[in-house]
file model-v1.txt (compact mmCIF, C-alpha atoms)
# COMPACT_ATOMS: atom_id res chain seq x y z
CA MET A 1 -4.55 9.67 -3.99
CA HIS A 2 -1.26 8.08 -3.05
CA GLU A 3 0.02 9.77 -6.22
CA ALA A 4 0.66 12.86 -4.07
CA ALA A 5 2.96 10.85 -1.79
CA LEU A 6 4.73 9.29 -4.76
CA CYS A 7 5.28 12.70 -6.34
CA GLN A 8 6.95 13.84 -3.14
CA CYS A 9 9.31 10.86 -3.56
CA LEU A 10 9.86 11.91 -7.18
CA VAL A 11 10.74 15.48 -6.17
CA ASP A 12 13.03 14.18 -3.40
CA ILE A 13 14.92 12.07 -5.97
CA ILE A 14 15.19 15.12 -8.23
CA ARG A 15 16.66 17.16 -5.35
CA ASP A 16 19.19 14.38 -4.66
CA GLN A 17 20.11 14.33 -8.33
CA GLN A 18 20.55 18.10 -8.33
CA ARG A 19 22.95 17.84 -5.38
CA GLN A 20 24.91 15.05 -7.04
CA ARG A 21 25.02 16.40 -10.57
CA GLY A 22 24.83 20.14 -10.10
CA PHE A 23 22.21 21.15 -12.67
CA ARG A 24 20.18 24.28 -12.08
CA GLN A 25 16.72 23.53 -13.39
CA VAL A 26 14.73 20.60 -14.74
CA ARG A 27 12.84 21.12 -18.00
CA THR A 28 11.39 17.65 -18.53
CA VAL A 29 10.87 14.68 -16.23
CA TYR A 30 10.58 11.28 -17.95
CA VAL A 31 8.81 8.59 -15.94
CA GLU A 32 7.69 5.08 -16.80
CA VAL A 33 4.32 3.95 -15.48
CA GLY A 34 3.18 0.35 -15.85
CA VAL A 35 -0.48 -0.04 -16.82
CA LEU A 36 -0.96 -2.75 -14.16
CA GLY A 37 0.68 -0.70 -11.41
CA HIS A 38 -0.63 1.52 -8.67
CA VAL A 39 -0.69 4.84 -10.42
CA GLU A 40 -3.20 6.74 -12.48
CA PRO A 41 -1.16 8.84 -14.98
CA GLN A 42 -3.53 11.82 -14.87
CA ALA A 43 -3.51 11.91 -11.09
CA LEU A 44 0.29 11.63 -11.15
CA ALA A 45 0.56 14.57 -13.56
CA PHE A 46 -1.71 16.69 -11.39
CA ALA A 47 0.04 15.80 -8.16
CA PHE A 48 3.45 16.42 -9.76
CA GLU A 49 2.60 20.01 -10.59
CA VAL A 50 1.83 20.69 -6.95
CA ALA A 51 4.73 18.67 -5.51
CA ALA A 52 7.26 20.35 -7.83
CA LEU A 53 6.51 23.88 -6.61
CA ASP A 54 9.54 25.30 -4.79
CA SER A 55 11.77 22.60 -6.28
CA PRO A 56 14.25 22.48 -9.18
CA ALA A 57 11.46 20.83 -11.17
CA ALA A 58 8.98 23.70 -10.71
CA GLY A 59 7.17 24.20 -13.99
CA ALA A 60 8.85 21.19 -15.61
CA THR A 61 6.94 19.03 -18.07
CA LEU A 62 6.14 15.52 -16.89
CA ARG A 63 6.34 12.97 -19.70
CA ILE A 64 4.76 9.66 -18.85
CA GLU A 65 5.62 6.58 -20.87
CA GLU A 66 3.13 3.79 -20.26
CA ILE A 67 4.61 0.31 -20.01
CA ALA A 68 2.38 -2.47 -21.35
CA GLY A 69 1.31 -5.34 -19.13
CA ARG A 70 2.94 -8.73 -19.78
CA ALA A 71 2.19 -11.97 -18.01
CA TRP A 72 3.14 -15.64 -18.01
CA CYS A 73 0.02 -17.78 -18.30
CA THR A 74 0.41 -20.88 -16.15
CA ASP A 75 -2.59 -22.48 -17.87
CA CYS A 76 -1.18 -22.48 -21.41
CA ALA A 77 2.49 -21.67 -20.72
CA GLU A 78 2.53 -18.62 -23.00
CA HIS A 79 3.88 -15.10 -22.47
CA VAL A 80 0.95 -12.80 -23.22
CA THR A 81 -0.03 -9.14 -23.19
CA VAL A 82 -2.57 -8.07 -20.53
CA GLU A 83 -4.42 -4.78 -20.56
CA ARG A 84 -6.05 -5.09 -17.13
CA ARG A 85 -5.71 -7.33 -14.11
CA GLY A 86 -8.52 -9.88 -14.12
CA ASP A 87 -8.66 -10.12 -17.92
CA PRO A 88 -8.48 -13.68 -19.24
CA CYS A 89 -5.44 -14.99 -21.11
CA PRO A 90 -5.86 -13.92 -24.76
CA VAL A 91 -4.56 -17.32 -25.88
CA CYS A 92 -6.43 -19.86 -23.72
CA GLY A 93 -8.98 -17.81 -21.76
CA GLY A 94 -7.59 -18.91 -18.40
CA PHE A 95 -6.83 -16.72 -15.41
CA GLY A 96 -3.65 -18.35 -14.12
CA MET A 97 -1.52 -15.36 -14.96
CA ILE A 98 1.68 -14.23 -13.31
CA VAL A 99 2.48 -10.61 -14.07
CA GLU A 100 5.97 -10.09 -15.50
CA GLN A 101 5.81 -6.49 -16.63
CA GLY A 102 3.51 -3.51 -16.17
CA GLU A 103 3.97 -2.59 -12.49
CA GLU A 104 6.79 -0.10 -13.10
CA LEU A 105 6.92 3.34 -11.55
CA ARG A 106 10.35 4.70 -12.36
CA LEU A 107 12.05 8.03 -12.89
CA LYS A 108 13.95 7.32 -16.13
CA GLU A 109 15.74 10.55 -16.92
CA LEU A 110 15.71 14.30 -16.59
CA GLU A 111 16.21 17.02 -19.16
CA VAL A 112 18.15 19.68 -17.30
CA VAL A 113 19.97 22.96 -17.75
CA MET B 1 -1.69 19.25 -0.43
CA CYS B 2 -3.37 17.48 -3.28
CA GLY B 3 -6.17 19.43 -4.91
CA VAL B 4 -7.93 16.33 -6.23
CA CYS B 5 -8.92 14.72 -2.96
CA GLY B 6 -7.07 16.68 -0.29
CA CYS B 7 -4.68 13.83 0.38
CA GLY B 8 -1.32 15.00 1.64
CA GLU B 9 1.86 13.81 3.24
CA GLY B 10 3.75 14.91 6.27
CA GLU B 11 0.77 15.25 8.58
CA ALA B 12 0.57 11.83 10.15
CA ARG B 13 0.41 11.76 13.93
CA ILE B 14 1.33 8.76 15.99
CA GLU B 15 -0.52 8.34 19.23
CA GLN B 16 1.60 8.47 22.39
CA GLY B 17 4.10 10.40 20.37
CA GLY B 18 3.00 13.84 21.56
CA ASN B 19 0.92 14.46 18.43
CA GLN B 20 3.69 16.39 16.78
CA PRO B 21 3.61 16.55 12.99
CA PHE B 22 5.07 13.36 11.64
CA ALA B 23 8.04 13.71 9.31
CA GLY B 24 7.28 10.85 6.95
CA PRO B 25 9.15 10.02 3.80
CA GLY B 26 8.53 12.53 1.11
CA THR B 27 8.06 15.45 3.47
CA PRO B 28 9.62 18.25 1.50
CA ALA B 29 12.04 20.63 3.08
CA ARG B 30 10.19 23.80 2.24
CA GLU B 31 12.68 25.68 0.10
CA SER B 32 12.52 29.27 -0.95
CA GLN B 33 10.71 30.39 -4.06
CA GLN B 34 14.08 31.61 -5.34
CA GLN B 35 14.93 27.97 -6.03
CA ALA B 36 12.57 28.05 -8.98
CA LEU B 37 14.92 30.03 -11.18
CA ARG B 38 13.70 31.44 -14.41
CA ASP B 39 14.60 29.17 -17.28
CA ASP B 40 16.42 30.67 -20.26
CA PRO B 41 14.86 29.03 -23.32
CA GLY B 42 18.02 29.72 -25.35
CA GLU B 43 20.15 27.63 -23.02
CA ARG B 44 21.09 24.16 -24.25
CA SER B 45 19.70 21.37 -22.14
CA HIS B 46 21.06 17.88 -21.65
CA LEU B 47 19.65 14.59 -20.42
CA VAL B 48 20.70 12.86 -17.20
CA ARG B 49 19.87 9.22 -16.69
CA VAL B 50 18.34 8.39 -13.28
CA GLU B 51 16.50 5.01 -13.36
CA GLN B 52 15.08 5.11 -9.84
CA ASP B 53 11.91 3.48 -8.58
CA LEU B 54 9.53 5.86 -6.82
CA PHE B 55 8.64 3.18 -4.27
CA ALA B 56 12.34 2.54 -3.56
CA ARG B 57 12.54 4.53 -0.34
CA ASN B 58 9.39 2.99 1.10
CA ASP B 59 10.56 -0.45 0.03
CA ALA B 60 13.92 0.06 1.76
CA LEU B 61 12.15 1.06 4.99
CA ALA B 62 9.82 -1.92 4.62
CA ALA B 63 12.85 -4.21 4.33
CA HIS B 64 14.17 -2.63 7.53
CA ASN B 65 10.83 -3.32 9.26
CA ARG B 66 10.86 -6.90 7.99
CA GLU B 67 14.31 -7.39 9.51
CA HIS B 68 13.02 -5.90 12.77
CA PHE B 69 10.02 -8.24 12.84
CA ARG B 70 12.28 -11.21 12.11
CA ALA B 71 14.65 -10.29 14.92
CA HIS B 72 11.70 -9.94 17.34
CA ARG B 73 10.12 -13.18 16.07
CA VAL B 74 6.96 -11.28 15.15
CA LEU B 75 4.50 -12.28 12.44
CA ALA B 76 3.27 -8.99 10.94
CA LEU B 77 0.05 -8.85 8.93
CA ASN B 78 -1.27 -5.88 6.99
CA LEU B 79 -5.09 -5.89 7.12
CA VAL B 80 -6.65 -3.99 4.24
CA SER B 81 -10.24 -3.37 3.21
CA SER B 82 -12.74 -0.70 2.32
CA PRO B 83 -14.24 1.23 5.27
CA GLY B 84 -16.92 -0.68 7.16
CA SER B 85 -15.88 -4.23 6.27
CA GLY B 86 -15.76 -5.17 9.95
CA LYS B 87 -11.96 -5.21 10.34
CA THR B 88 -11.88 -3.87 13.88
CA THR B 89 -14.65 -6.12 15.22
CA LEU B 90 -12.95 -9.12 13.63
CA LEU B 91 -9.66 -8.04 15.15
CA VAL B 92 -11.21 -7.67 18.61
CA ASN B 93 -12.59 -11.21 18.41
CA THR B 94 -9.29 -12.53 17.05
CA LEU B 95 -7.35 -10.95 19.91
CA GLN B 96 -9.77 -12.36 22.48
CA ALA B 97 -9.13 -15.82 21.03
CA LEU B 98 -5.35 -15.38 20.75
CA LEU B 99 -4.39 -13.51 23.88
CA PRO B 100 -4.66 -16.34 26.42
CA THR B 101 -1.83 -18.14 24.59
CA THR B 102 -0.18 -15.69 22.21
CA SER B 103 1.32 -12.20 22.48
CA ALA B 104 -0.30 -9.82 20.03
CA ALA B 105 -0.31 -6.09 19.37
CA VAL B 106 -2.00 -3.76 16.94
CA ILE B 107 -1.06 -0.71 14.89
CA GLU B 108 -4.25 1.11 13.93
CA GLY B 109 -4.28 3.36 10.90
CA ASP B 110 -7.06 5.89 10.44
CA GLN B 111 -7.23 9.40 9.13
CA GLU B 112 -8.56 10.67 12.45
CA THR B 113 -9.70 9.57 15.97
CA THR B 114 -8.31 7.00 18.40
CA THR B 115 -11.61 5.10 18.50
CA ASP B 116 -10.22 1.91 17.01
CA ALA B 117 -7.11 1.75 19.19
CA ASP B 118 -9.35 2.32 22.24
CA ARG B 119 -11.52 -0.63 21.21
CA ILE B 120 -8.45 -2.81 20.72
CA ARG B 121 -6.96 -1.89 24.11
CA GLN B 122 -10.13 -3.05 25.84
CA THR B 123 -9.11 -6.59 24.85
CA GLY B 124 -5.87 -6.14 26.80
CA ALA B 125 -3.71 -6.00 23.67
CA PRO B 126 -1.32 -3.06 23.31
CA ALA B 127 -2.29 -0.77 20.44
CA VAL B 128 -0.84 2.35 18.84
CA GLN B 129 -3.02 4.59 16.75
CA VAL B 130 -1.48 6.27 13.71
CA ASN B 131 -3.58 9.13 12.38
CA THR B 132 -2.56 9.82 8.81
CA GLY B 133 -4.23 13.24 8.65
CA ARG B 134 -4.98 13.83 5.00
CA GLY B 135 -2.88 10.81 3.98
CA CYS B 136 -4.74 7.86 2.55
CA HIS B 137 -2.46 4.95 3.52
CA LEU B 138 0.10 3.81 6.05
CA ASP B 139 3.70 3.75 4.88
CA ALA B 140 6.72 1.86 6.13
CA GLN B 141 8.10 4.84 8.06
CA MET B 142 4.88 5.20 10.09
CA VAL B 143 4.91 1.51 10.93
CA ASP B 144 8.56 1.68 11.98
CA SER B 145 7.83 4.55 14.38
CA ALA B 146 4.70 2.88 15.74
CA PHE B 147 6.38 -0.51 16.19
CA HIS B 148 9.07 1.08 18.37
CA LYS B 149 6.33 2.12 20.80
CA LEU B 150 5.13 -1.47 21.18
CA GLN B 151 7.09 -3.93 23.26
CA LEU B 152 6.35 -6.99 21.19
CA THR B 153 8.53 -10.07 20.92
CA ASP B 154 7.46 -13.59 19.96
CA GLY B 155 3.99 -12.76 18.80
CA MET B 156 1.67 -11.38 16.17
CA LEU B 157 1.43 -7.80 14.98
CA PHE B 158 -1.77 -6.77 13.25
CA ILE B 159 -1.50 -3.59 11.22
CA GLU B 160 -4.98 -2.31 10.46
CA ASN B 161 -4.49 -0.08 7.45
CA VAL B 162 -6.61 2.92 6.52
CA GLY B 163 -9.95 1.73 5.08
CA ASN B 164 -9.15 2.15 1.40
CA LEU B 165 -8.79 -0.48 -1.32
CA VAL B 166 -6.60 1.66 -3.59
CA CYS B 167 -3.75 3.55 -1.97
CA PRO B 168 -2.43 1.00 0.57
CA ALA B 169 -1.89 -1.62 -2.17
CA GLY B 170 1.48 -0.36 -3.34
CA PHE B 171 3.02 0.45 0.04
CA ASP B 172 4.92 -2.46 1.54
CA LEU B 173 5.03 -2.07 5.33
CA GLY B 174 7.35 -5.04 5.90
CA GLU B 175 4.46 -7.39 6.61
CA ALA B 176 4.61 -11.13 5.98
CA HIS B 177 1.20 -11.02 4.29
CA LYS B 178 -1.52 -8.64 3.27
CA VAL B 179 -4.96 -9.91 4.31
CA VAL B 180 -7.84 -8.33 2.41
CA ILE B 181 -11.26 -8.29 4.08
CA THR B 182 -14.44 -7.95 2.03
CA SER B 183 -17.86 -8.07 3.63
CA VAL B 184 -20.87 -9.69 2.00
CA THR B 185 -22.66 -6.33 2.09
CA GLU B 186 -20.23 -5.11 -0.59
CA GLY B 187 -20.35 -6.09 -4.28
CA GLU B 188 -19.08 -9.40 -5.65
CA ASP B 189 -17.09 -7.39 -8.21
CA LYS B 190 -14.84 -5.68 -5.64
CA PRO B 191 -11.79 -7.77 -6.69
CA LEU B 192 -12.22 -6.68 -10.30
CA LYS B 193 -12.79 -3.03 -9.39
CA TYR B 194 -9.75 -2.91 -7.07
CA PRO B 195 -7.54 -5.62 -8.56
CA ASN B 196 -4.18 -4.45 -7.24
CA MET B 197 -5.19 -4.94 -3.62
CA PHE B 198 -6.49 -8.46 -4.23
CA ALA B 199 -3.43 -9.28 -6.35
CA ALA B 200 -1.15 -8.19 -3.48
CA SER B 201 -2.97 -10.16 -0.76
CA SER B 202 -2.30 -13.73 0.40
CA LEU B 203 -5.67 -14.23 2.06
CA LEU B 204 -9.22 -13.02 1.46
CA LEU B 205 -11.48 -12.96 4.50
CA VAL B 206 -15.11 -12.82 3.41
CA SER B 207 -16.67 -11.16 6.45
CA LYS B 208 -20.20 -10.86 7.88
CA VAL B 209 -21.26 -14.19 6.33
CA ASP B 210 -23.96 -14.49 9.03
CA LEU B 211 -25.87 -11.94 6.90
CA LEU B 212 -25.89 -14.12 3.77
CA PRO B 213 -29.48 -15.41 4.24
CA TYR B 214 -30.72 -11.83 3.98
CA LEU B 215 -28.71 -10.76 0.95
CA ASP B 216 -28.52 -11.42 -2.78
CA PHE B 217 -24.81 -12.01 -2.55
CA ASP B 218 -23.08 -14.90 -4.31
CA VAL B 219 -19.92 -15.80 -2.37
CA ASP B 220 -18.74 -18.10 -5.15
CA VAL B 221 -18.79 -15.21 -7.63
CA LEU B 222 -16.73 -13.06 -5.23
CA ILE B 223 -14.17 -15.86 -4.81
CA ALA B 224 -14.02 -16.52 -8.57
CA ASN B 225 -13.41 -12.81 -9.17
CA ALA B 226 -10.67 -12.72 -6.53
CA ARG B 227 -8.96 -15.69 -8.19
CA ARG B 228 -9.16 -14.00 -11.60
CA VAL B 229 -6.75 -11.36 -10.30
CA ASN B 230 -4.86 -13.65 -7.91
CA PRO B 231 -5.07 -17.38 -8.71
CA SER B 232 -3.29 -18.36 -5.48
CA ILE B 233 -5.27 -16.28 -2.96
CA ALA B 234 -6.56 -18.28 0.02
CA VAL B 235 -10.15 -17.66 1.14
CA ILE B 236 -11.87 -17.98 4.53
CA GLN B 237 -15.52 -17.12 5.08
CA ILE B 238 -15.92 -15.60 8.51
CA SER B 239 -18.40 -13.99 10.89
CA ALA B 240 -17.48 -12.06 14.02
CA LYS B 241 -21.13 -12.38 15.04
CA ASP B 242 -21.60 -16.16 15.14
CA ASN B 243 -17.89 -17.18 14.96
CA THR B 244 -18.20 -18.97 11.61
CA GLY B 245 -14.72 -19.50 10.22
CA MET B 246 -12.88 -18.30 13.33
CA ASP B 247 -11.16 -21.67 13.75
CA SER B 248 -9.94 -21.66 10.14
CA TRP B 249 -8.66 -18.09 10.55
CA LEU B 250 -6.80 -18.96 13.76
CA GLN B 251 -5.31 -22.01 12.05
CA TRP B 252 -4.23 -19.86 9.13
CA LEU B 253 -2.57 -17.42 11.56
CA ASN B 254 -0.70 -20.19 13.34
CA ALA B 255 0.44 -21.70 10.06
CA ALA B 256 1.63 -18.29 8.85
CA ARG B 257 3.49 -17.80 12.10
CA SER B 258 5.17 -21.22 11.88
CA MET B 259 6.24 -20.51 8.31
CA ALA B 260 7.59 -17.09 9.29
CA SER B 261 9.65 -18.54 12.15
CA ALA B 262 10.86 -21.41 9.95
CA SER B 263 12.25 -18.94 7.43
CA ALA B 264 13.70 -16.65 10.14

call {"tool": "encode", "arguments": {"input": "model-v1.txt", "output": "structure tokens"}}
result
Amino acid sequence: MHEAALCQCLVDIIRDQQRQRGFRQVRTVYVEVGVLGHVEPQALAFAFEVAALDSPAAGATLRIEEIAGRAWCTDCAEHVTVERRGDPCPVCGGFGMIVEQGEELRLKELEVV
Amino acid sequence: MCGVCGCGEGEARIEQGGNQPFAGPGTPARESQQQALRDDPGERSHLVRVEQDLFARNDALAAHNREHFRAHRVLALNLVSSPGSGKTTLLVNTLQALLPTTSAAVIEGDQETTTDADRIRQTGAPAVQVNTGRGCHLDAQMVDSAFHKLQLTDGMLFIENVGNLVCPAGFDLGEAHKVVITSVTEGEDKPLKYPNMFAASSLLLVSKVDLLPYLDFDVDVLIANARRVNPSIAVIQISAKDNTGMDSWLQWLNAARSMASASA
């Protein structure tokens, strides 16, 4: 449940943003989560609720956009979509894949008042 | 902190540090409830663009650690596994083999107890125990604090992470390599069940191979599964009981150390 630690980082970034930009309250938090990354969206959503208490994001809605997995297959030299690590290349069936996209965990933007 | 599994931040304690609560990254300054102002639904909102990675702070601290290790000519390895894979026993044997010729020290991560650091110190190697409390992984800040308590220059630093194949995968500690240890009493499908850890590791140590005659465990299947998620992962089969593979492991360590000093 490292999602709890990551949500503390998220709330810390939101506090920094509040200091820099002077908004009062966050209504919506938009994050990108890669499907091949280290985070389970449901666990993130749960941990966020707790981490956001006593912060400008208390009660805010967390919107998670999942980023698809993309890899470069070194066996067939194609860029392919991967749903899970360990899945074979959908083109050639090989496993020589280098992940290019899908490990993101990023605070994109905030809806604030 | 977290209602799902009880995992929380800000409770880590570093041995020899007076056991005071550890102010790790992400420890919130507890602000007053008044901060959570009532929202007026009629008020017009606007969007602010942020674009920040949630691992960014840990990654920055990890880069700082990496610089520290480089300056001290230290090869740092992050040893990860599920609980009970034989990490500490393997480490004890490794230290016994290394210490006559090489300086080595250990940072031990566990939720509780100093048992592992005590075992390590019996080899003569300096060790610092980090107890993560309810936390489920070591982070770069904990390693920074612990490394400052070790006087290590020109040597090898083994960071034994919390026994957990999930949470430590994303947290860079500044190590040169992650080494994942899987024992033959676990399932051959571990790499597929916990792919991120195997994808992040440079070396797989298959441990307790002295038990293979008594088990229905296919090492080749384990290795094939590991290479499905990480085609370039190196593999050494090892036993702390009968010393199978110890020479290969020590050679791997020396090669890793030479490469680290060459790039320093």

call {"tool": "closest_residue", "arguments": {"input": "model-v1.txt", "among": "B:Ala56, B:Leu138, B:Leu157, B:Ala260", "to": "B:Leu173", "atoms": "all atoms listed in the file"}}
result
B:Leu138

call {"tool": "atom_distance", "arguments": {"input": "model-v1.txt", "atom1": "atom CA of B:Ser85", "atom2": "atom CA of B:Glu186"}}
result
8.2 Å

call {"tool": "residues_around", "arguments": {"input": "model-v1.txt", "residues": "A:Pro88", "least_positions_apart": "5", "cutoff": "10 Å", "atoms": "all atoms listed in the file", "output": "ChimeraX atom specification"}}
result
/A:73,82-83,93-97 /B:228-229

call {"tool": "atom_distance", "arguments": {"input": "model-v1.txt", "atom1": "atom CA of A:Leu62", "atom2": "atom CA of A:Thr28"}}
result
5.9 Å

call {"tool": "atom_distance", "arguments": {"input": "model-v1.txt", "atom1": "atom CA of B:Ser82", "atom2": "atom CA of B:Phe158"}}
result
16.6 Å

call {"tool": "closest_residue", "arguments": {"input": "model-v1.txt", "among": "A:Arg70, A:Arg27, A:Arg19, A:Arg106", "to": "A:Cys7", "atoms": "all atoms listed in the file"}}
result
A:Arg106

call {"tool": "residues_around", "arguments": {"input": "model-v1.txt", "residues": "B:Val235", "least_positions_apart": "5", "cutoff": "9 Å", "atoms": "all atoms listed in the file", "output": "NGL selection string"}}
result
:B and (202-206 or 223)

call {"tool": "residues_near_point", "arguments": {"input": "model-v1.txt", "point": "(7.6, 13.8, -21.1)", "cutoff": "12 Å", "atoms": "all atoms listed in the file", "output": "number ranges by chain"}}
result
A: 26-33, 41, 45, 60-66, 107-111

call {"tool": "residues_around", "arguments": {"input": "model-v1.txt", "residues": "B:Cys167", "least_positions_apart": "5", "cutoff": "8 Å", "atoms": "only C-alpha atoms", "output": "ChimeraX atom specification"}}
result
/A:1-2,38 /B:136-137

call {"tool": "residues_around", "arguments": {"input": "model-v1.txt", "residues": "B:Leu215", "least_positions_apart": "4", "cutoff": "10 Å", "atoms": "all atoms listed in the file", "output": "PyMOL selection string"}}
result
chain B and resi 184-185+209+211

call {"tool": "residues_around", "arguments": {"input": "model-v1.txt", "residues": "A:Leu10", "least_positions_apart": "2", "cutoff": "10 Å", "atoms": "all atoms listed in the file", "output": "list of chain:residue names"}}
result
A:Ala4, A:Ala5, A:Leu6, A:Cys7, A:Gln8, A:Asp12, A:Ile13, A:Ile14, A:Arg15, A:Asp16, A:Val29, A:Val31, A:Phe48, A:Ala51, A:Ala52, A:Ala57, A:Arg106, A:Leu107, B:Gly26, B:Gln52, B:Asp53, B:Leu54, B:Phe55

call {"tool": "closest_residue", "arguments": {"input": "model-v1.txt", "among": "A:Thr74, A:Thr81, A:Gln42, A:Ser55", "to": "chain B", "atoms": "all atoms listed in the file"}}
result
A:Ser55

call {"tool": "decode", "arguments": {"input": "model-v1.txt", "residues": "stretch 140-155 of chain B", "atoms": "N, CA and C atoms", "output": "compact mmCIF listing (two decimals), in the first residue's frame"}}
result
# COMPACT_ATOMS: atom_id res chain seq x y z
N ALA B 140 13.98 6.87 -0.38
CA ALA B 140 15.32 7.44 -0.54
C ALA B 140 15.74 8.27 0.68
N GLN B 141 14.77 8.91 1.32
CA GLN B 141 15.09 9.73 2.50
C GLN B 141 15.59 8.85 3.65
N MET B 142 14.96 7.71 3.86
CA MET B 142 15.38 6.79 4.93
C MET B 142 16.80 6.30 4.67
N VAL B 143 17.08 5.98 3.41
CA VAL B 143 18.41 5.47 3.06
C VAL B 143 19.46 6.57 3.25
N ASP B 144 19.12 7.79 2.90
CA ASP B 144 20.04 8.91 3.09
C ASP B 144 20.39 9.03 4.57
N SER B 145 19.37 9.04 5.44
CA SER B 145 19.63 9.18 6.88
C SER B 145 20.45 8.01 7.40
N ALA B 146 20.12 6.80 6.96
CA ALA B 146 20.82 5.62 7.46
C ALA B 146 22.27 5.60 6.96
N PHE B 147 22.48 6.01 5.71
CA PHE B 147 23.83 5.97 5.15
C PHE B 147 24.76 6.91 5.91
N HIS B 148 24.22 8.02 6.39
CA HIS B 148 25.04 8.98 7.14
C HIS B 148 25.54 8.40 8.47
N LYS B 149 24.87 7.34 8.94
CA LYS B 149 25.31 6.71 10.19
C LYS B 149 26.38 5.65 9.95
N LEU B 150 26.60 5.32 8.68
CA LEU B 150 27.61 4.30 8.35
C LEU B 150 28.86 5.02 7.84
N GLN B 151 30.00 4.61 8.29
CA GLN B 151 31.23 5.20 7.76
C GLN B 151 31.73 4.25 6.68
N LEU B 152 31.21 4.41 5.48
CA LEU B 152 31.60 3.48 4.43
C LEU B 152 32.17 4.23 3.23
N THR B 153 33.38 3.88 2.88
CA THR B 153 34.04 4.43 1.69
C THR B 153 34.71 3.25 0.99
N ASP B 154 34.74 3.27 -0.34
CA ASP B 154 35.39 2.20 -1.08
C ASP B 154 34.85 0.83 -0.70
N GLY B 155 33.60 0.60 -0.95
CA GLY B 155 33.07 -0.70 -0.56
C GLY B 155 31.69 -0.96 -1.13
